[in-house]
Structures are given as C-alpha cells and as structure tokens.
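Read the structure below first, then the notes.
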Amino acid sequence: MMTRKLTTLLALPIMAILLAAIAGIPLLSSNPDTFTITKGVLAGGAMKLSTAIAGLIFGAWFGQILSKVGITKTIIRKAAELAGDKPLAIAIIFFLAASVIFSAANGLGMVILVGTITIPIMLTAGMKPFVSGLVVLLANAVGVVFNVSTWAIYTDVLKVPTDVIASYSLICAVPLIVIALLMIVYYTKKDGKVRRAWAMPLKPEFQSQDSKNVRSIALISPLVPVLLVFFLKIDIVSAVFIGALVTLLLATPKRPIHVLSSALVEGIQDIAGALGLMIGIGMLLSAVTAPQVSALIQPLIEGIIPTSPLMYIVIFTLLSPLAIYRGPLNVWGLGSGVAALIVAGGMSPVAAMLALRIVSNLQAVSDPTNSHNVWVADFTKTDIVETLRKTLPWMFVAVLISMIIASVVAF
C-alpha cells in the first residue's frame with residue numbers, strides 16, 4: 001500500500017487472509033463452530049462494519065441531496081459575495097463555508113463539486129494555486145471531524161457510542177481550525193497576490209437559472225444531522241434521514257421524490273471506493289481479533305501502549321506521520337486493526353478513539369494517497385509532494401495540541 005504498487009482495496013483483504021493463514025486459521029472446516037478464513041474472515045468480516053457502511057451510504061445520500069436542491073452552491077455563492085475581491089477574506093470565508101458543507105457530506109465527489117467552484121474564484125482573485133487548493137483540503141479535514149457518517153467506524157471498531165464520539169469532537173477540531181486559519185493567513189501573505197487568468201467559465205455557474213439561490217433558512221440543513229447527534233443523542237442513520245427530510249421541507253424542490261431517489265444512486269456511486277475499503281477493513285479486523293492472530297501480535301502492541309498522559313502525547317504525536325500512505329495509524333487502512341488490538345491490550349476505547357481521530361487530521365490534509373489530494377493537485381497543477389512537505393509541520397503542531405488536550409480527558 002505504501003509503495004502504491006497494490007491498491008488498498010486489494011491489500012486489506014489479502015493482508016487479512018495472510019495474517020489468518022500464518023496464525024494457523026484453517027481455510028475451511030466441516031465444524032460450523034470453527035473460525036475459518038472463508039466464514040470468519042471473509043464472510044464475517046465483510047459484514048463487520050455494517051453500521052459504518054450504512055452511515056457512509058446515508059451520508060453520501062445526504063450530500064447529494066444538498067447538492068441537487070442547490071444548498072451547496074448557494075453557500076459558496078453567498079460566501080463569495082460576502083468576501084468581495086480580497087484574497088485573504090475570500091480564502092477564510094471559503095474555508096469556513098466549505099467546512100460546513102463537508103461536515104454534511106464528504107468524499108471525492110463533494111470535494112470536486114466544491115473545488116471546481118471555489119478554486120477558480122480564488123485563483124481569479126489573485127491567490128496562488130497551492131493556497132487555493134490548500135483551502136479546500138483544510139476545509140475537508142475540518143468537515144470530516146464533524147461528519148456523522150465517518151463516526152460510525154469508531155463505533156464499530158472501538159464500540160464507542162456515537163454521542164460520546166460527538167462530545168469529544170471539539171478536542172479534535174479546535175486546534176485544527178486554529179492551525180488551518182494560521183496556515184491560510186501565512187501562505188496568503190507569504191506568496192503575495194498574483195493575478196492570473198483561469199480558463200474555466202464562472203459566470204454560467206453562478207447565473208444560470210438552475211443554480212439560483214435557495215431560501216436562507218435552508219442553509220442550516222447541513223448542520224441538522226450533527227446537531228441531532230450532538231444534542232439529542234440520535235443514531236447516525238436516523239439523524240441523516242431526518243436531515244434529508246428537513247432539507248426537502250426547507251428547500252422545497254420541484255421534484256422531491258426524484259431528488260431523493262437520484263441522490264441515493266449517485267451518492268453510492270461517489271462512495272463506491274470507500275465502501276470497498278470498509279469491507280476490506282472489516283475483513284482485516286476479523287483476522288487480527290481472532291484469538292490465533294491476536295496471540296501473535298498482542299505482545300508487540302502491548303509494548304508500545306502508553307500508560308501515562310505524557311507517553312500518550314509523545315507516542316501518538318511522534319508516530320502521527322504513520323497515518324499517511326495507508327500506514328498503521330490510518331483508520332482507513334491497518335489502523336483499525338491496530339486500534340482494536342490497543343484497546344484489547346488495556347487502553348480505554350475513548351483514548352484510542354481520540355488518538356486515531358486526531359492523527360487522522362494530519363492524514364486528511366497531507367497524505368499524498370488521498371484521492372482528494374490527488375484531484376486538488378491535478379486541478380491546480382501543483383506538486384502533491386509539495387503539499388505534503390508544506391503542510392506536514394503545521395499538522396504536526398495541530399496533532400500535538402489536540403493530543404495534550406486529549407491526555408487530560410483520556411487519563
């Protein structure tokens with residue numbers, strides 16, 4: 001995975017099978033109670049993250065609904081009108097507006113939708129391509145922290161209730177937001193204002209009849225699922241479903257049934273890759289948590305489990321770069337299995353959840369293997385390795401601050 005010679009979609013199931021085989025788990029068995037590779041790892045693992053898969057599907061559905069009724073474009077349009085032609089103001093307001101959008105729906109499809117609208121505006125205002133792309137990447141990272149559809153994986157893997165995950169979100173988000181704003185100000189001022197042309201036509205996008213503004217009250221729709229989970233302790237799927245209904249009531253599209261049905265199909269298409277990752281992660285989890293495999297790996301994991309607040313900060317901060325390149329701290333890769341073993345070794349599920357979410361901030365912004373990083377680099381014609389080099393030190397600081405705060409509540 002790290003050398004990018006084998007896709008993560010294939011690497012995770014293969015890794016699960018190999019770990020199980022090395023540990024002596026049989027491929028098949030006539031005894032229905034025996035844990036086997038076919039039944040326990042492959043079949044059982046494919047369904048292991050069913051809650052997270054359902055949350056991902058409903059989250060993608062909700063994101064498509066927001067797009068189809070015009071809420072996404074209206075938020076961006078109003079942000080552009082508010083900022084005027086000042087590059088720094090545009091960057092900050094787009095960052096805040098896009099963060100709200102991504103909190104309701106993330107994934108490559110939504111990044112492309114937001115990016116193709118906001119990046120040309122920022123370039124036309126005189127911002128350099130790197131800074132324009134950086135705004136989108138930072139907003140996506142902040143949005144993911146509050147995106148309820150991404151919380152389900154921590155519920156499935158670590159058995160942490162959704163309302164508990166919600167209650168700790170600010171620990172992960174506030175340092176990230178502060179560092180993100182500092183990055184935007186620094187790079188905007190450092191690079192200066194450079195006027196450049198942009199071939200993509202903006203006028204039709206903002207003046208066509210199909211993309212006219214929705215009523216202002218409908219712009220609260222992206223926040224509805226987050227508020228329902230945070231304050232009313234509603235489960236993720238129900239919160240998203242209610243959010244979709246509220247969106248239709250407030251935006252009142254002409255063909256609501258068509259919006260709902262087409263949004264579901266297109267939403268699933270957007271997250272097809274992520275669904276495949278979920279299935280592979282489930283297989284890997286089934287493998288590493290099997291008694292035969294955990295008996296081999298657990299001694300290694302127990303040797304690095306922090307037992308004090310200081311070690312908790314030091315270990316996860318220093319190892320946070322292991323979240324990139326689908327490394328062992330990447331929750332969308334081997335990290336889910338490692339987290340399960342860490343909890344089995346004695347760390348509290350809340351402490352493990354916080355650590356994984358915090359290092360995921362670094363991964364969301366800096367990881368060259370992210371599909372959204374690849375798209376932003378290609379769209380802005382910038383070097384994806386330059387993005388890693390320029391963002392990693394800043395994100396390292398954000399991780400450190402969040403880990404210090406997390407150590408107070410986790411121990």
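The chains in the structure tokens are called A, B, ... from first to last as shown; in each chain the residues are counted from 1, and the ligands are counted from 1 in the order shown.
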Can you pull out every residue within 7 Å of stretch 245-252 of chain A, counting only C-alpha atoms, but drop anything in the same chain fewer than 6 positions away, and send it as a PyMOL selection string? chain A and resi 69+214-215+217-218+221
What would the file look like if the residues just selected were written as a compact mmCIF listing (two decimals), in the first residue's frame with C-alpha atoms?
# COMPACT_ATOMS: atom_id res chain seq x y z
CA VAL A 69 -31.51 21.29 -4.19
CA VAL A 214 -32.36 28.67 -2.21
CA ARG A 215 -34.06 30.43 0.69
CA ILE A 217 -33.38 29.19 6.15
CA ALA A 218 -32.46 26.12 4.10
CA SER A 221 -29.64 21.97 6.61
Residues within 10 Å of A:Phe94, only C-alpha atoms, excluding chain neighbours under 5 positions, as a PyMOL selection string: chain A and resi 75-80+82-83+88-89+99-100+114+118-119+121-122+132+135-136+139
Residues near stretch 170-172 of chain A, anyone? I mean within 7 Å using only C-alpha atoms, not counting same-chain ones fewer than 6 positions away, as a CSV table (one decimal) with N, CA and C atoms, in the first residue's frame.
chain,number,residue,atom,x,y,z
A,357,ARG,N,-8.6,9.7,15.8
A,357,ARG,CA,-9.3,10.9,15.2
A,357,ARG,C,-8.3,12.0,15.0
A,358,ILE,N,-7.4,12.2,16.0
A,358,ILE,CA,-6.5,13.3,16.0
A,358,ILE,C,-5.4,13.1,14.9
A,402,SER,N,-3.8,18.9,20.1
A,402,SER,CA,-5.0,18.1,20.4
A,402,SER,C,-4.7,16.9,21.3
A,405,ILE,N,-4.5,18.1,24.9
A,405,ILE,CA,-5.9,18.3,25.5
A,405,ILE,C,-6.5,16.9,25.7
A,406,ALA,N,-6.3,16.0,24.8
A,406,ALA,CA,-6.9,14.6,24.9
A,406,ALA,C,-6.3,13.9,26.1
List the neighbours of A:Val240 out to 6 Å using only C-alpha atoms; skip same-chain residues closer than 3 positions along the sequence, and give me the result as a list of chain:residue names.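 In the requested format, the answer is A:Pro225, A:Val237, A:Gly243.
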Skip stretch 147-161 of chain A itself and residues of its chain fewer than 6 positions away, then list as a short mmCIF file (atom, residue, chain, number, x, y, z; two decimals) with all heavy atoms, in the first residue's frame all residues within 6 Å of it, counting only C-alpha atoms.
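Saved result, around_22.cif, follows:
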data_model
loop_
_atom_site.label_atom_id
_atom_site.label_comp_id
_atom_site.auth_asym_id
_atom_site.auth_seq_id
_atom_site.Cartn_x
_atom_site.Cartn_y
_atom_site.Cartn_z
N LEU A 49 -18.44 -4.19 9.59
CA LEU A 49 -18.62 -2.74 9.72
C LEU A 49 -19.93 -2.30 9.10
O LEU A 49 -20.01 -1.24 8.46
CB LEU A 49 -17.45 -2.00 9.05
CG LEU A 49 -16.06 -2.25 9.65
CD1 LEU A 49 -15.02 -1.40 8.95
CD2 LEU A 49 -16.04 -2.00 11.15
N ALA A 52 -21.02 1.23 10.04
CA ALA A 52 -20.24 2.26 9.36
C ALA A 52 -20.61 2.35 7.88
O ALA A 52 -20.69 3.44 7.31
CB ALA A 52 -18.74 1.97 9.51
N GLY A 55 -23.89 4.18 7.61
CA GLY A 55 -23.68 5.61 7.83
C GLY A 55 -23.04 6.29 6.64
O GLY A 55 -23.40 7.42 6.29
N LEU A 56 -22.10 5.59 6.00
CA LEU A 56 -21.43 6.15 4.84
C LEU A 56 -22.41 6.34 3.68
O LEU A 56 -22.40 7.37 3.00
CB LEU A 56 -20.30 5.22 4.42
CG LEU A 56 -19.27 5.77 3.43
CD1 LEU A 56 -18.50 6.93 4.03
CD2 LEU A 56 -18.31 4.65 3.02
N GLY A 59 -24.78 9.18 4.52
CA GLY A 59 -24.08 10.46 4.44
C GLY A 59 -23.87 10.92 3.01
O GLY A 59 -24.05 12.10 2.70
N SER A 103 -18.95 18.99 6.49
CA SER A 103 -19.46 18.36 7.71
C SER A 103 -20.74 17.58 7.44
O SER A 103 -21.09 16.66 8.18
CB SER A 103 -19.73 19.42 8.79
OG SER A 103 -20.84 20.23 8.46
N ALA A 104 -21.43 17.94 6.38
CA ALA A 104 -22.64 17.22 5.98
C ALA A 104 -22.34 16.11 5.00
O ALA A 104 -23.02 15.07 5.01
CB ALA A 104 -23.65 18.19 5.38
N PRO A 349 -11.19 2.66 25.28
CA PRO A 349 -11.69 2.92 23.93
C PRO A 349 -11.75 4.41 23.60
O PRO A 349 -11.48 4.80 22.46
CB PRO A 349 -13.10 2.31 23.95
CG PRO A 349 -13.02 1.24 24.98
CD PRO A 349 -12.10 1.78 26.04
#
Counting only C-alpha atoms, which of A:Leu134, A:Ala54, A:Ala323, A:Val174 gets nearest to A:Thr382?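 That would be A:Leu134, the residue with the smallest distance to A:Thr382.
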Separation of atom CA of A:Met127 from atom CA of A:Thr380 in Å: 11.3 Å
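Residues within 10 Å of A:Gly24, counting only C-alpha atoms and excluding same-chain residues fewer than 4 positions away, are Leu18, Leu19, Ala20, Thr36, Ile37, Gln292 and Val293 of chain A.
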Using N, CA, C and O atoms, can you write the selected residues to a file as an mmCIF file, in the first residue's frame?
data_model
loop_
_atom_site.group_PDB
_atom_site.id
_atom_site.type_symbol
_atom_site.label_atom_id
_atom_site.label_comp_id
_atom_site.auth_asym_id
_atom_site.auth_seq_id
_atom_site.Cartn_x
_atom_site.Cartn_y
_atom_site.Cartn_z
ATOM 1 N N LEU A 18 -3.618 -13.470 4.691
ATOM 2 C CA LEU A 18 -2.261 -13.882 5.030
ATOM 3 C C LEU A 18 -2.057 -13.965 6.538
ATOM 4 O O LEU A 18 -1.440 -14.922 7.039
ATOM 5 N N LEU A 19 -2.546 -12.966 7.280
ATOM 6 C CA LEU A 19 -2.413 -12.999 8.743
ATOM 7 C C LEU A 19 -3.104 -14.215 9.325
ATOM 8 O O LEU A 19 -2.560 -14.896 10.210
ATOM 9 N N ALA A 20 -4.300 -14.496 8.834
ATOM 10 C CA ALA A 20 -5.049 -15.660 9.333
ATOM 11 C C ALA A 20 -4.328 -16.954 8.987
ATOM 12 O O ALA A 20 -4.235 -17.878 9.820
ATOM 13 N N THR A 36 -12.977 -19.981 10.576
ATOM 14 C CA THR A 36 -12.188 -20.246 9.369
ATOM 15 C C THR A 36 -11.965 -18.964 8.577
ATOM 16 O O THR A 36 -12.610 -17.935 8.822
ATOM 17 N N ILE A 37 -11.067 -19.044 7.596
ATOM 18 C CA ILE A 37 -10.800 -17.886 6.749
ATOM 19 C C ILE A 37 -12.016 -17.542 5.908
ATOM 20 O O ILE A 37 -12.385 -16.363 5.771
ATOM 21 N N GLN A 292 -6.115 -16.666 17.438
ATOM 22 C CA GLN A 292 -4.827 -17.151 16.938
ATOM 23 C C GLN A 292 -3.924 -16.003 16.485
ATOM 24 O O GLN A 292 -2.704 -16.030 16.716
ATOM 25 N N VAL A 293 -4.507 -14.997 15.826
ATOM 26 C CA VAL A 293 -3.714 -13.874 15.321
ATOM 27 C C VAL A 293 -3.351 -12.910 16.448
ATOM 28 O O VAL A 293 -2.206 -12.462 16.556
#
Pick from A:Gly70, A:Gly327, A:Pro26, A:Gly273: nearest to A:Leu219, with only C-alpha atoms counted? A:Gly70
Just want the 12 Å neighbourhood of A:Arg389, counted on only C-alpha atoms, with same-chain residues fewer than 5 positions away dropped. Output as a ChimeraX atom specification. /A:130,321,365-368,383-384,394-396
Residues from the last selection, N, CA and C atoms, saved as a tab-separated table (two decimals), in the first residue's frame:
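Listed below is the output, out18.tsv:
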chain	number	residue	atom	x	y	z
A	130	PHE	N	-1.35	26.77	-5.02
A	130	PHE	CA	-1.17	25.96	-3.82
A	130	PHE	C	-2.11	26.40	-2.70
A	321	PRO	N	2.82	10.66	11.72
A	321	PRO	CA	3.05	10.50	10.27
A	321	PRO	C	2.77	9.10	9.76
A	365	VAL	N	-5.18	16.04	5.52
A	365	VAL	CA	-4.60	17.21	4.84
A	365	VAL	C	-3.37	16.85	4.02
A	366	SER	N	-2.50	15.99	4.56
A	366	SER	CA	-1.16	15.83	4.00
A	366	SER	C	-0.94	14.58	3.16
A	367	ASP	N	-1.76	13.58	3.31
A	367	ASP	CA	-1.50	12.27	2.70
A	367	ASP	C	-1.56	12.31	1.17
A	368	PRO	N	-0.46	12.03	0.48
A	368	PRO	CA	-0.47	12.03	-1.00
A	368	PRO	C	-1.33	10.92	-1.60
A	383	ASP	N	2.34	20.36	-7.20
A	383	ASP	CA	3.02	19.12	-6.86
A	383	ASP	C	2.44	18.56	-5.57
A	384	ILE	N	1.94	17.33	-5.63
A	384	ILE	CA	1.32	16.73	-4.45
A	384	ILE	C	2.33	16.50	-3.33
A	394	TRP	N	2.89	21.92	10.01
A	394	TRP	CA	1.74	22.58	10.63
A	394	TRP	C	0.79	21.55	11.25
A	395	MET	N	0.53	20.48	10.53
A	395	MET	CA	-0.40	19.47	11.04
A	395	MET	C	0.20	18.73	12.22
A	396	PHE	N	1.51	18.63	12.24
A	396	PHE	CA	2.18	18.02	13.39
A	396	PHE	C	1.91	18.83	14.65
Find the residue from A:Pro309, A:Ser371, A:Val397, A:Leu27 that sits nearest to A:Ala274; use only C-alpha atoms when measuring. A:Ser371
Distance in Å - atom CA of A:Trp332 versus atom CA of A:Asp235: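 Atom-to-atom, atom CA of A:Trp332 and atom CA of A:Asp235 are spaced 21.7 Å apart.
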Report the residues of stretch 100-241 of chain A whose backbone DSSP state falls under helix (DSSP H, G or I), written as an MDAnalysis selection string. chainID A and resid 100:104 108:124 129:146 148:158 162:167 169:191 203:207 209:211 216:232 236:241
